Amino acid sequence: MVEANALDRHRVAHEWPVAYVETNALIERIAGRLIERLGDHGVRAAAAPATHNYDPESLTCRWSHKSMGVIAGLGSFGLHRMVITDSGCAGRFGSLVIDAELRFTSPPVRERCLYFHDRSCWECVTRCPVNALSMEGAIDKQRCNHRLVGLAKGLGGEAVADACGKCAIGPCSLESAVH
Ligand code: SF4
Ligand code: SF4
């Protein structure tokens, strides 16, 4: 999937949005099963949808699966504002909130983005076809979303879903970029 999406600077590989749609369904199935199983043990739980749980105007969401992943110690934010885990940034997160007290430990803080590590990479910034990313670590959500909406309408290729992923195919795509 990552290799296919790296073949062309602008055109999104068919595999990418197909995996996006399938993974959205998978995350929701897993969350549903977990909620059911926790319920069997008397624990209430809730989950937000895998995606599109944001305000359509401001593009901000009240529940970020990515932030929960970072809080849980599974990864760190890269320059592209995605979460890089030890298996890279081309994966997805789902999360639940549960009504139970758990013992917790503080996860070790580990840098996985080369830009934040030693400023040796900014590939995601240069790969973004609409310059939505910057070296300051900001993302222009409106600019990114404009491209995604265009892709979903079939303006930029095949009309499968609003998925692009051109910033997720650099050295941090399938593993931590910092070793
Ligand atoms: S492509 Fe490079 S700069 Fe961008 S998030 Fe990955 S490691 Fe960091
Ligand atoms: S998803 Fe596409 S448009 Fe959005 S920041 Fe990444 S490369 Fe740019």
# chains A, B, ... in the order shown; residues from 1 in each chain; ligands from 1
$ residues_around --residues "Glu123 in chain A" --least-positions-apart "6" --cutoff "9 Å" --atoms "only C-alpha atoms" --output "list in words"
Cys167, Ile169, Gly170 and Pro171 of chain A
$ write_last_selection --atoms "all heavy atoms" --output "PDB file, in the first residue's frame"
ATOM      1  N   CYS A 167       1.712  12.177   2.552  1.00  0.00           N
ATOM      2  CA  CYS A 167       2.663  12.559   3.600  1.00  0.00           C
ATOM      3  C   CYS A 167       3.043  11.363   4.482  1.00  0.00           C
ATOM      4  O   CYS A 167       3.882  11.495   5.367  1.00  0.00           O
ATOM      5  CB  CYS A 167       2.084  13.687   4.450  1.00  0.00           C
ATOM      6  SG  CYS A 167       0.415  13.346   5.043  1.00  0.00           S
ATOM      7  N   ILE A 169       4.288   8.368   3.449  1.00  0.00           N
ATOM      8  CA  ILE A 169       5.034   7.343   2.702  1.00  0.00           C
ATOM      9  C   ILE A 169       6.541   7.600   2.741  1.00  0.00           C
ATOM     10  O   ILE A 169       7.291   7.125   1.898  1.00  0.00           O
ATOM     11  CB  ILE A 169       4.532   7.267   1.232  1.00  0.00           C
ATOM     12  CG1 ILE A 169       4.504   8.652   0.593  1.00  0.00           C
ATOM     13  CG2 ILE A 169       3.149   6.648   1.170  1.00  0.00           C
ATOM     14  CD1 ILE A 169       4.041   8.663  -0.851  1.00  0.00           C
ATOM     15  N   GLY A 170       6.966   8.340   3.752  1.00  0.00           N
ATOM     16  CA  GLY A 170       8.393   8.625   3.911  1.00  0.00           C
ATOM     17  C   GLY A 170       9.080   7.568   4.776  1.00  0.00           C
ATOM     18  O   GLY A 170       8.576   6.452   4.924  1.00  0.00           O
ATOM     19  N   PRO A 171      10.219   7.922   5.371  1.00  0.00           N
ATOM     20  CA  PRO A 171      10.994   6.944   6.153  1.00  0.00           C
ATOM     21  C   PRO A 171      10.295   6.471   7.423  1.00  0.00           C
ATOM     22  O   PRO A 171      10.720   5.487   8.028  1.00  0.00           O
ATOM     23  CB  PRO A 171      12.284   7.710   6.496  1.00  0.00           C
ATOM     24  CG  PRO A 171      11.921   9.142   6.384  1.00  0.00           C
ATOM     25  CD  PRO A 171      10.883   9.239   5.314  1.00  0.00           C
TER      26      PRO A 171
END
$ residues_near_ligand --ligand "ligand 1" --cutoff "6 Å" --atoms "only C-alpha atoms and all ligand atoms" --output "PyMOL selection string"
chain A and resi 78-80+113-115+121-124+170-172+177
$ write_last_selection --atoms "all heavy atoms" --output "CSV table (one decimal), in the first residue's frame"
chain,number,residue,atom,x,y,z
A,78,GLY,N,4.6,13.1,14.5
A,78,GLY,CA,5.7,13.5,13.6
A,78,GLY,C,5.4,14.9,13.0
A,78,GLY,O,4.4,15.5,13.4
A,79,LEU,N,6.3,15.3,12.2
A,79,LEU,CA,6.2,16.7,11.6
A,79,LEU,C,4.9,16.8,10.8
A,79,LEU,O,4.3,17.8,10.7
A,79,LEU,CB,7.4,16.9,10.7
A,79,LEU,CG,7.5,18.3,10.1
A,79,LEU,CD1,7.6,19.4,11.1
A,79,LEU,CD2,8.7,18.4,9.2
A,80,HIS,N,4.4,15.6,10.3
A,80,HIS,CA,3.2,15.6,9.5
A,80,HIS,C,1.9,15.5,10.3
A,80,HIS,O,0.8,15.4,9.8
A,80,HIS,CB,3.2,14.4,8.5
A,80,HIS,CG,3.6,13.1,9.1
A,80,HIS,ND1,3.5,12.8,10.4
A,80,HIS,CD2,4.0,12.0,8.5
A,80,HIS,CE1,4.0,11.6,10.7
A,80,HIS,NE2,4.3,11.0,9.5
A,113,CYS,N,10.3,10.7,14.9
A,113,CYS,CA,10.3,11.6,13.7
A,113,CYS,C,11.8,12.1,13.6
A,113,CYS,O,12.3,12.7,14.5
A,113,CYS,CB,9.3,12.7,13.8
A,113,CYS,SG,9.5,14.0,12.6
A,114,LEU,N,12.3,12.0,12.4
A,114,LEU,CA,13.7,12.4,12.2
A,114,LEU,C,13.8,13.9,12.3
A,114,LEU,O,14.9,14.5,12.7
A,114,LEU,CB,14.2,11.9,10.9
A,114,LEU,CG,14.7,10.5,10.8
A,114,LEU,CD1,15.0,10.1,9.3
A,114,LEU,CD2,16.0,10.3,11.6
A,115,TYR,N,12.8,14.6,11.9
A,115,TYR,CA,12.9,16.1,12.0
A,115,TYR,C,13.0,16.6,13.4
A,115,TYR,O,13.9,17.4,13.7
A,115,TYR,CB,11.6,16.7,11.3
A,115,TYR,CG,11.7,18.3,11.3
A,115,TYR,CD1,12.5,18.9,10.4
A,115,TYR,CD2,11.1,19.0,12.3
A,115,TYR,CE1,12.6,20.3,10.4
A,115,TYR,CE2,11.2,20.4,12.4
A,115,TYR,CZ,11.9,21.0,11.4
A,115,TYR,OH,12.1,22.4,11.4
A,121,CYS,N,15.2,15.2,8.3
A,121,CYS,CA,14.2,14.8,7.3
A,121,CYS,C,13.0,15.8,7.4
A,121,CYS,O,12.7,16.3,8.4
A,121,CYS,CB,13.7,13.4,7.7
A,121,CYS,SG,12.3,12.8,6.7
A,122,TRP,N,12.4,16.1,6.2
A,122,TRP,CA,11.2,16.9,6.1
A,122,TRP,C,10.4,16.4,4.9
A,122,TRP,O,9.8,17.1,4.2
A,122,TRP,CB,11.4,18.4,6.1
A,122,TRP,CG,12.5,18.8,5.2
A,122,TRP,CD1,12.3,19.2,3.9
A,122,TRP,CD2,13.9,19.0,5.4
A,122,TRP,NE1,13.5,19.6,3.3
A,122,TRP,CE2,14.5,19.4,4.3
A,122,TRP,CE3,14.7,18.8,6.6
A,122,TRP,CZ2,15.9,19.7,4.2
A,122,TRP,CZ3,16.0,19.0,6.5
A,122,TRP,CH2,16.6,19.5,5.4
A,123,GLU,N,10.6,15.1,4.6
A,123,GLU,CA,10.0,14.5,3.4
A,123,GLU,C,8.5,14.7,3.3
A,123,GLU,O,8.0,14.9,2.2
A,123,GLU,CB,10.4,13.0,3.4
A,123,GLU,CG,10.3,12.4,2.0
A,123,GLU,CD,10.9,11.0,1.9
A,123,GLU,OE1,11.9,10.7,2.6
A,123,GLU,OE2,10.2,10.2,1.2
A,124,CYS,N,7.8,14.6,4.4
A,124,CYS,CA,6.4,14.7,4.4
A,124,CYS,C,6.0,16.1,3.9
A,124,CYS,O,5.0,16.2,3.2
A,124,CYS,CB,5.8,14.5,5.8
A,124,CYS,SG,6.6,15.3,7.1
A,170,GLY,N,7.0,8.3,3.8
A,170,GLY,CA,8.4,8.6,3.9
A,170,GLY,C,9.1,7.6,4.8
A,170,GLY,O,8.6,6.5,4.9
A,171,PRO,N,10.2,7.9,5.4
A,171,PRO,CA,11.0,6.9,6.2
A,171,PRO,C,10.3,6.5,7.4
A,171,PRO,O,10.7,5.5,8.0
A,171,PRO,CB,12.3,7.7,6.5
A,171,PRO,CG,11.9,9.1,6.4
A,171,PRO,CD,10.9,9.2,5.3
A,172,CYS,N,9.2,7.2,7.8
A,172,CYS,CA,8.5,6.8,9.0
A,172,CYS,C,7.2,6.0,8.7
A,172,CYS,O,6.4,5.8,9.6
A,172,CYS,CB,8.2,8.0,9.9
A,172,CYS,SG,7.2,9.2,9.0
A,177,ALA,N,11.2,6.2,12.4
A,177,ALA,CA,12.4,6.7,11.5
A,177,ALA,C,13.6,6.9,12.4
A,177,ALA,O,14.7,7.1,11.8
A,177,ALA,CB,12.0,8.1,10.9
$ residues_around --residues "range 102-105 of chain A" --least-positions-apart "5" --cutoff "12 Å" --atoms "only C-alpha atoms" --output "list of chain:residue names"
A:Val43, A:Ile71, A:Ala72, A:Gly73, A:Val97
$ write_last_selection --atoms "C-alpha atoms" --output "mmCIF file, in the first residue's frame"
data_model
loop_
_atom_site.group_PDB
_atom_site.id
_atom_site.type_symbol
_atom_site.label_atom_id
_atom_site.label_comp_id
_atom_site.auth_asym_id
_atom_site.auth_seq_id
_atom_site.Cartn_x
_atom_site.Cartn_y
_atom_site.Cartn_z
ATOM 1 C CA VAL A 43 -18.044 -2.127 32.428
ATOM 2 C CA ILE A 71 -1.293 9.397 25.618
ATOM 3 C CA ALA A 72 -1.270 5.588 25.816
ATOM 4 C CA GLY A 73 2.412 5.613 24.839
ATOM 5 C CA VAL A 97 -13.326 5.302 26.907
#
$ residues_around --residues "Leu74 in chain A" --least-positions-apart "4" --cutoff "9 Å" --atoms "only C-alpha atoms" --output "mmCIF file with N, CA, C and O atoms, in the first residue's frame"
data_model
loop_
_atom_site.group_PDB
_atom_site.id
_atom_site.type_symbol
_atom_site.label_atom_id
_atom_site.label_comp_id
_atom_site.auth_asym_id
_atom_site.auth_seq_id
_atom_site.Cartn_x
_atom_site.Cartn_y
_atom_site.Cartn_z
ATOM 1 N N MET A 68 -5.154 9.874 21.701
ATOM 2 C CA MET A 68 -5.270 8.801 22.692
ATOM 3 C C MET A 68 -4.131 7.794 22.510
ATOM 4 O O MET A 68 -3.604 7.269 23.489
ATOM 5 N N GLY A 69 -3.755 7.549 21.269
ATOM 6 C CA GLY A 69 -2.630 6.642 21.010
ATOM 7 C C GLY A 69 -1.345 7.172 21.631
ATOM 8 O O GLY A 69 -0.568 6.416 22.229
ATOM 9 N N VAL A 70 -1.135 8.482 21.504
ATOM 10 C CA VAL A 70 0.082 9.091 22.066
ATOM 11 C C VAL A 70 0.020 9.066 23.592
ATOM 12 O O VAL A 70 0.999 8.700 24.262
ATOM 13 N N VAL A 83 0.631 10.080 13.898
ATOM 14 C CA VAL A 83 1.324 9.387 14.977
ATOM 15 C C VAL A 83 2.237 8.323 14.381
ATOM 16 O O VAL A 83 1.802 7.496 13.581
ATOM 17 N N ILE A 84 3.501 8.375 14.786
ATOM 18 C CA ILE A 84 4.458 7.354 14.347
ATOM 19 C C ILE A 84 4.640 6.365 15.496
ATOM 20 O O ILE A 84 5.010 6.743 16.605
ATOM 21 N N THR A 85 4.335 5.110 15.221
ATOM 22 C CA THR A 85 4.564 4.053 16.224
ATOM 23 C C THR A 85 5.827 3.295 15.818
ATOM 24 O O THR A 85 6.473 3.629 14.818
ATOM 25 N N ASP A 86 6.134 2.230 16.542
ATOM 26 C CA ASP A 86 7.288 1.413 16.136
ATOM 27 C C ASP A 86 6.993 0.693 14.824
ATOM 28 O O ASP A 86 7.893 0.145 14.197
ATOM 29 N N PRO A 107 4.119 5.938 30.123
ATOM 30 C CA PRO A 107 4.882 5.335 29.028
ATOM 31 C C PRO A 107 6.182 6.099 28.784
ATOM 32 O O PRO A 107 6.225 7.307 28.996
#
$ residues_near_ligand --ligand "ligand 2" --cutoff "10 Å" --atoms "only C-alpha atoms and all ligand atoms" --output "compact mmCIF listing (two decimals) with all heavy atoms, in the first residue's frame"
# COMPACT_ATOMS: atom_id res chain seq x y z
N ARG A 9 3.52 11.32 -7.64
CA ARG A 9 3.49 12.45 -6.69
C ARG A 9 2.07 12.91 -6.37
O ARG A 9 1.76 13.25 -5.24
CB ARG A 9 4.30 13.61 -7.27
CG ARG A 9 4.37 14.80 -6.34
CD ARG A 9 5.39 15.82 -6.76
NE ARG A 9 5.09 17.13 -6.21
CZ ARG A 9 5.22 17.49 -4.94
NH1 ARG A 9 5.68 16.62 -4.07
NH2 ARG A 9 4.92 18.70 -4.54
N HIS A 10 1.19 12.91 -7.35
CA HIS A 10 -0.15 13.46 -7.14
C HIS A 10 -1.24 12.39 -7.05
O HIS A 10 -2.10 12.45 -6.19
CB HIS A 10 -0.51 14.43 -8.28
CG HIS A 10 0.29 15.69 -8.20
ND1 HIS A 10 -0.04 16.73 -7.38
CD2 HIS A 10 1.43 16.05 -8.84
CE1 HIS A 10 0.85 17.69 -7.50
NE2 HIS A 10 1.76 17.30 -8.37
N VAL A 12 -3.35 9.31 -6.21
CA VAL A 12 -3.42 8.42 -5.04
C VAL A 12 -3.63 6.99 -5.54
O VAL A 12 -4.54 6.73 -6.33
CB VAL A 12 -4.57 8.84 -4.09
CG1 VAL A 12 -4.69 7.87 -2.92
CG2 VAL A 12 -4.35 10.26 -3.60
N HIS A 80 4.39 15.62 10.29
CA HIS A 80 3.16 15.59 9.49
C HIS A 80 1.89 15.53 10.33
O HIS A 80 0.80 15.40 9.80
CB HIS A 80 3.18 14.42 8.51
CG HIS A 80 3.58 13.09 9.10
ND1 HIS A 80 3.53 12.81 10.45
CD2 HIS A 80 4.04 11.96 8.49
CE1 HIS A 80 3.95 11.58 10.66
NE2 HIS A 80 4.27 11.04 9.49
N ARG A 81 2.04 15.60 11.67
CA ARG A 81 0.92 15.57 12.61
C ARG A 81 0.20 14.23 12.63
O ARG A 81 -0.95 14.13 13.06
CB ARG A 81 -0.11 16.70 12.34
CG ARG A 81 0.46 18.08 12.28
CD ARG A 81 1.24 18.46 13.51
NE ARG A 81 0.46 18.40 14.74
CZ ARG A 81 0.97 18.16 15.95
NH1 ARG A 81 2.26 17.93 16.09
NH2 ARG A 81 0.20 18.15 17.01
N MET A 82 0.87 13.21 12.13
CA MET A 82 0.33 11.86 12.31
C MET A 82 1.15 11.18 13.41
O MET A 82 2.23 11.66 13.76
CB MET A 82 0.41 11.08 11.00
CG MET A 82 -0.69 11.51 10.06
SD MET A 82 -0.73 10.53 8.60
CE MET A 82 0.70 11.14 7.78
N CYS A 124 7.83 14.58 4.43
CA CYS A 124 6.36 14.71 4.41
C CYS A 124 5.96 16.11 3.91
O CYS A 124 4.99 16.25 3.15
CB CYS A 124 5.78 14.46 5.79
SG CYS A 124 6.64 15.32 7.12
N VAL A 125 6.74 17.12 4.31
CA VAL A 125 6.43 18.50 3.90
C VAL A 125 6.58 18.63 2.39
O VAL A 125 5.72 19.19 1.71
CB VAL A 125 7.35 19.50 4.65
CG1 VAL A 125 7.12 20.92 4.13
CG2 VAL A 125 7.10 19.44 6.14
N THR A 126 7.65 18.10 1.85
CA THR A 126 7.89 18.24 0.41
C THR A 126 6.98 17.32 -0.42
O THR A 126 6.68 17.61 -1.57
CB THR A 126 9.36 17.95 0.05
OG1 THR A 126 9.72 16.68 0.56
CG2 THR A 126 10.28 19.00 0.62
N ARG A 127 6.52 16.24 0.19
CA ARG A 127 5.65 15.32 -0.57
C ARG A 127 4.21 15.81 -0.66
O ARG A 127 3.48 15.39 -1.55
CB ARG A 127 5.65 13.94 0.08
CG ARG A 127 6.83 13.06 -0.34
CD ARG A 127 6.61 11.66 0.17
NE ARG A 127 7.72 10.78 -0.11
CZ ARG A 127 7.83 10.02 -1.20
NH1 ARG A 127 6.90 10.09 -2.14
NH2 ARG A 127 8.86 9.22 -1.36
N CYS A 128 3.77 16.66 0.24
CA CYS A 128 2.36 17.09 0.21
C CYS A 128 2.10 17.88 -1.08
O CYS A 128 2.70 18.93 -1.31
CB CYS A 128 2.03 17.94 1.43
SG CYS A 128 0.33 18.55 1.35
N PRO A 129 1.19 17.42 -1.91
CA PRO A 129 0.97 18.06 -3.22
C PRO A 129 0.33 19.44 -3.12
O PRO A 129 0.35 20.18 -4.08
CB PRO A 129 0.01 17.10 -3.95
CG PRO A 129 -0.06 15.87 -3.12
CD PRO A 129 0.34 16.23 -1.73
N VAL A 130 -0.23 19.79 -1.96
CA VAL A 130 -0.90 21.09 -1.86
C VAL A 130 -0.27 21.99 -0.79
O VAL A 130 -0.86 22.98 -0.36
CB VAL A 130 -2.42 20.89 -1.56
CG1 VAL A 130 -3.12 20.27 -2.76
CG2 VAL A 130 -2.65 20.05 -0.31
N ASN A 131 0.95 21.63 -0.39
CA ASN A 131 1.69 22.44 0.60
C ASN A 131 0.88 22.70 1.88
O ASN A 131 0.86 23.82 2.39
CB ASN A 131 2.14 23.78 0.00
CG ASN A 131 3.08 23.57 -1.16
OD1 ASN A 131 3.95 22.71 -1.12
ND2 ASN A 131 2.88 24.33 -2.24
N ALA A 132 0.25 21.67 2.36
CA ALA A 132 -0.55 21.84 3.58
C ALA A 132 0.31 21.69 4.84
O ALA A 132 -0.14 22.05 5.93
CB ALA A 132 -1.68 20.81 3.62
N LEU A 133 1.54 21.19 4.69
CA LEU A 133 2.41 20.99 5.86
C LEU A 133 3.53 22.01 5.85
O LEU A 133 3.90 22.54 4.80
CB LEU A 133 3.00 19.57 5.82
CG LEU A 133 1.98 18.43 5.89
CD1 LEU A 133 2.65 17.09 5.62
CD2 LEU A 133 1.29 18.41 7.24
N SER A 134 4.08 22.27 7.04
CA SER A 134 5.16 23.25 7.11
C SER A 134 6.24 22.77 8.07
O SER A 134 6.00 21.90 8.90
CB SER A 134 4.63 24.60 7.57
OG SER A 134 4.38 24.54 8.96
N ALA A 138 3.05 22.78 11.62
CA ALA A 138 1.61 23.06 11.53
C ALA A 138 1.02 22.36 10.31
O ALA A 138 1.73 22.09 9.35
CB ALA A 138 1.39 24.56 11.42
N ILE A 139 -0.25 22.08 10.38
CA ILE A 139 -0.94 21.55 9.19
C ILE A 139 -2.08 22.50 8.86
O ILE A 139 -2.85 22.89 9.74
CB ILE A 139 -1.43 20.10 9.39
CG1 ILE A 139 -2.22 19.65 8.15
CG2 ILE A 139 -2.24 19.92 10.65
CD1 ILE A 139 -2.48 18.16 8.06
N ASP A 140 -2.16 22.87 7.60
CA ASP A 140 -3.28 23.70 7.14
C ASP A 140 -4.43 22.73 6.83
O ASP A 140 -4.50 22.15 5.75
CB ASP A 140 -2.85 24.49 5.88
CG ASP A 140 -3.92 25.47 5.43
OD1 ASP A 140 -5.12 25.19 5.66
OD2 ASP A 140 -3.57 26.49 4.83
N LYS A 141 -5.29 22.54 7.83
CA LYS A 141 -6.34 21.52 7.72
C LYS A 141 -7.29 21.83 6.57
O LYS A 141 -7.79 20.91 5.91
CB LYS A 141 -7.15 21.46 9.01
CG LYS A 141 -6.42 20.85 10.17
CD LYS A 141 -7.37 20.76 11.35
CE LYS A 141 -6.66 20.24 12.57
NZ LYS A 141 -7.55 20.23 13.73
N GLN A 142 -7.58 23.10 6.34
CA GLN A 142 -8.52 23.46 5.27
C GLN A 142 -7.94 23.08 3.91
O GLN A 142 -8.63 22.54 3.05
CB GLN A 142 -8.85 24.96 5.31
CG GLN A 142 -9.50 25.42 6.61
CD GLN A 142 -10.91 24.87 6.82
OE1 GLN A 142 -11.52 24.33 5.91
NE2 GLN A 142 -11.42 25.00 8.04
N ARG A 143 -6.66 23.35 3.75
CA ARG A 143 -6.01 23.04 2.47
C ARG A 143 -5.97 21.53 2.23
O ARG A 143 -6.25 21.05 1.14
CB ARG A 143 -4.59 23.61 2.52
CG ARG A 143 -3.92 23.71 1.19
CD ARG A 143 -2.59 24.38 1.36
NE ARG A 143 -2.73 25.83 1.29
CZ ARG A 143 -1.88 26.62 0.69
NH1 ARG A 143 -0.80 26.10 0.11
NH2 ARG A 143 -2.05 27.91 0.65
N CYS A 144 -5.62 20.79 3.28
CA CYS A 144 -5.59 19.32 3.20
C CYS A 144 -6.99 18.80 2.89
O CYS A 144 -7.19 17.99 1.98
CB CYS A 144 -5.05 18.74 4.50
SG CYS A 144 -5.19 16.95 4.62
N ASN A 145 -7.98 19.31 3.63
CA ASN A 145 -9.35 18.83 3.46
C ASN A 145 -9.88 19.13 2.06
O ASN A 145 -10.62 18.33 1.48
CB ASN A 145 -10.26 19.46 4.52
CG ASN A 145 -11.63 18.81 4.55
OD1 ASN A 145 -11.73 17.60 4.69
ND2 ASN A 145 -12.67 19.60 4.38
N HIS A 146 -9.49 20.26 1.52
CA HIS A 146 -9.93 20.63 0.18
C HIS A 146 -9.46 19.57 -0.83
O HIS A 146 -10.20 19.15 -1.71
CB HIS A 146 -9.37 22.01 -0.18
CG HIS A 146 -9.92 22.53 -1.47
ND1 HIS A 146 -9.20 22.48 -2.66
CD2 HIS A 146 -11.11 23.08 -1.78
CE1 HIS A 146 -9.95 22.99 -3.63
NE2 HIS A 146 -11.10 23.36 -3.13
N ARG A 147 -8.21 19.12 -0.66
CA ARG A 147 -7.72 18.06 -1.54
C ARG A 147 -8.48 16.75 -1.30
O ARG A 147 -8.87 16.07 -2.24
CB ARG A 147 -6.22 17.84 -1.33
CG ARG A 147 -5.68 16.59 -2.04
CD ARG A 147 -4.18 16.57 -2.07
NE ARG A 147 -3.62 15.26 -2.33
CZ ARG A 147 -3.49 14.71 -3.55
NH1 ARG A 147 -3.86 15.37 -4.62
NH2 ARG A 147 -2.95 13.51 -3.69
N LEU A 148 -8.72 16.44 -0.04
CA LEU A 148 -9.41 15.17 0.27
C LEU A 148 -10.83 15.16 -0.31
O LEU A 148 -11.27 14.16 -0.89
CB LEU A 148 -9.46 14.95 1.79
CG LEU A 148 -8.12 14.86 2.51
CD1 LEU A 148 -8.33 14.54 3.98
CD2 LEU A 148 -7.22 13.81 1.89
N LEU A 151 -10.59 14.59 -3.94
CA LEU A 151 -10.31 13.19 -4.26
C LEU A 151 -11.57 12.34 -4.12
O LEU A 151 -11.84 11.47 -4.96
CB LEU A 151 -9.22 12.65 -3.32
CG LEU A 151 -7.81 13.18 -3.58
CD1 LEU A 151 -6.90 12.87 -2.40
CD2 LEU A 151 -7.24 12.58 -4.86
N ASP A 162 -12.18 9.89 0.68
CA ASP A 162 -11.38 11.09 0.89
C ASP A 162 -10.09 10.72 1.61
O ASP A 162 -9.91 10.99 2.79
CB ASP A 162 -12.19 12.14 1.68
CG ASP A 162 -12.76 11.57 2.97
OD1 ASP A 162 -12.88 10.33 3.08
OD2 ASP A 162 -13.09 12.37 3.85
N ALA A 163 -9.20 10.09 0.90
CA ALA A 163 -7.93 9.67 1.47
C ALA A 163 -6.81 10.02 0.51
O ALA A 163 -6.96 9.90 -0.70
CB ALA A 163 -7.95 8.17 1.74
N CYS A 164 -5.68 10.46 1.07
CA CYS A 164 -4.56 10.91 0.24
C CYS A 164 -3.27 10.18 0.64
O CYS A 164 -2.72 9.42 -0.12
CB CYS A 164 -4.42 12.42 0.38
SG CYS A 164 -2.85 13.11 -0.11
N GLY A 165 -2.79 10.45 1.86
CA GLY A 165 -1.66 9.71 2.41
C GLY A 165 -0.30 9.99 1.79
O GLY A 165 0.65 9.27 2.08
N LYS A 166 -0.19 11.03 0.97
CA LYS A 166 1.12 11.30 0.35
C LYS A 166 2.17 11.71 1.39
O LYS A 166 3.36 11.63 1.13
CB LYS A 166 0.98 12.39 -0.72
CG LYS A 166 0.17 11.97 -1.93
CD LYS A 166 0.86 10.87 -2.69
CE LYS A 166 0.05 10.41 -3.89
NZ LYS A 166 0.62 9.21 -4.54
N CYS A 167 1.71 12.18 2.55
CA CYS A 167 2.66 12.56 3.60
C CYS A 167 3.04 11.36 4.48
O CYS A 167 3.88 11.49 5.37
CB CYS A 167 2.08 13.69 4.45
SG CYS A 167 0.41 13.35 5.04
N ALA A 168 2.43 10.22 4.23
CA ALA A 168 2.65 9.06 5.10
C ALA A 168 3.47 7.97 4.42
O ALA A 168 3.35 6.79 4.76
CB ALA A 168 1.31 8.49 5.58
N ILE A 169 4.29 8.37 3.45
CA ILE A 169 5.03 7.34 2.70
C ILE A 169 6.54 7.60 2.74
O ILE A 169 7.29 7.13 1.90
CB ILE A 169 4.53 7.27 1.23
CG1 ILE A 169 4.50 8.65 0.59
CG2 ILE A 169 3.15 6.65 1.17
CD1 ILE A 169 4.04 8.66 -0.85
$ select_by_dssp --residues "range 1-162 of chain A" --states "strand (DSSP E)" --output "VMD selection string"
chain A and resid 45 to 46 75 to 77 83 to 85 97 to 98
$ closest_residue --among "A:Gly42, A:Gly75, A:Gly137, A:Gly91" --to "Arg110 in chain A" --atoms "only C-alpha atoms"
A:Gly75
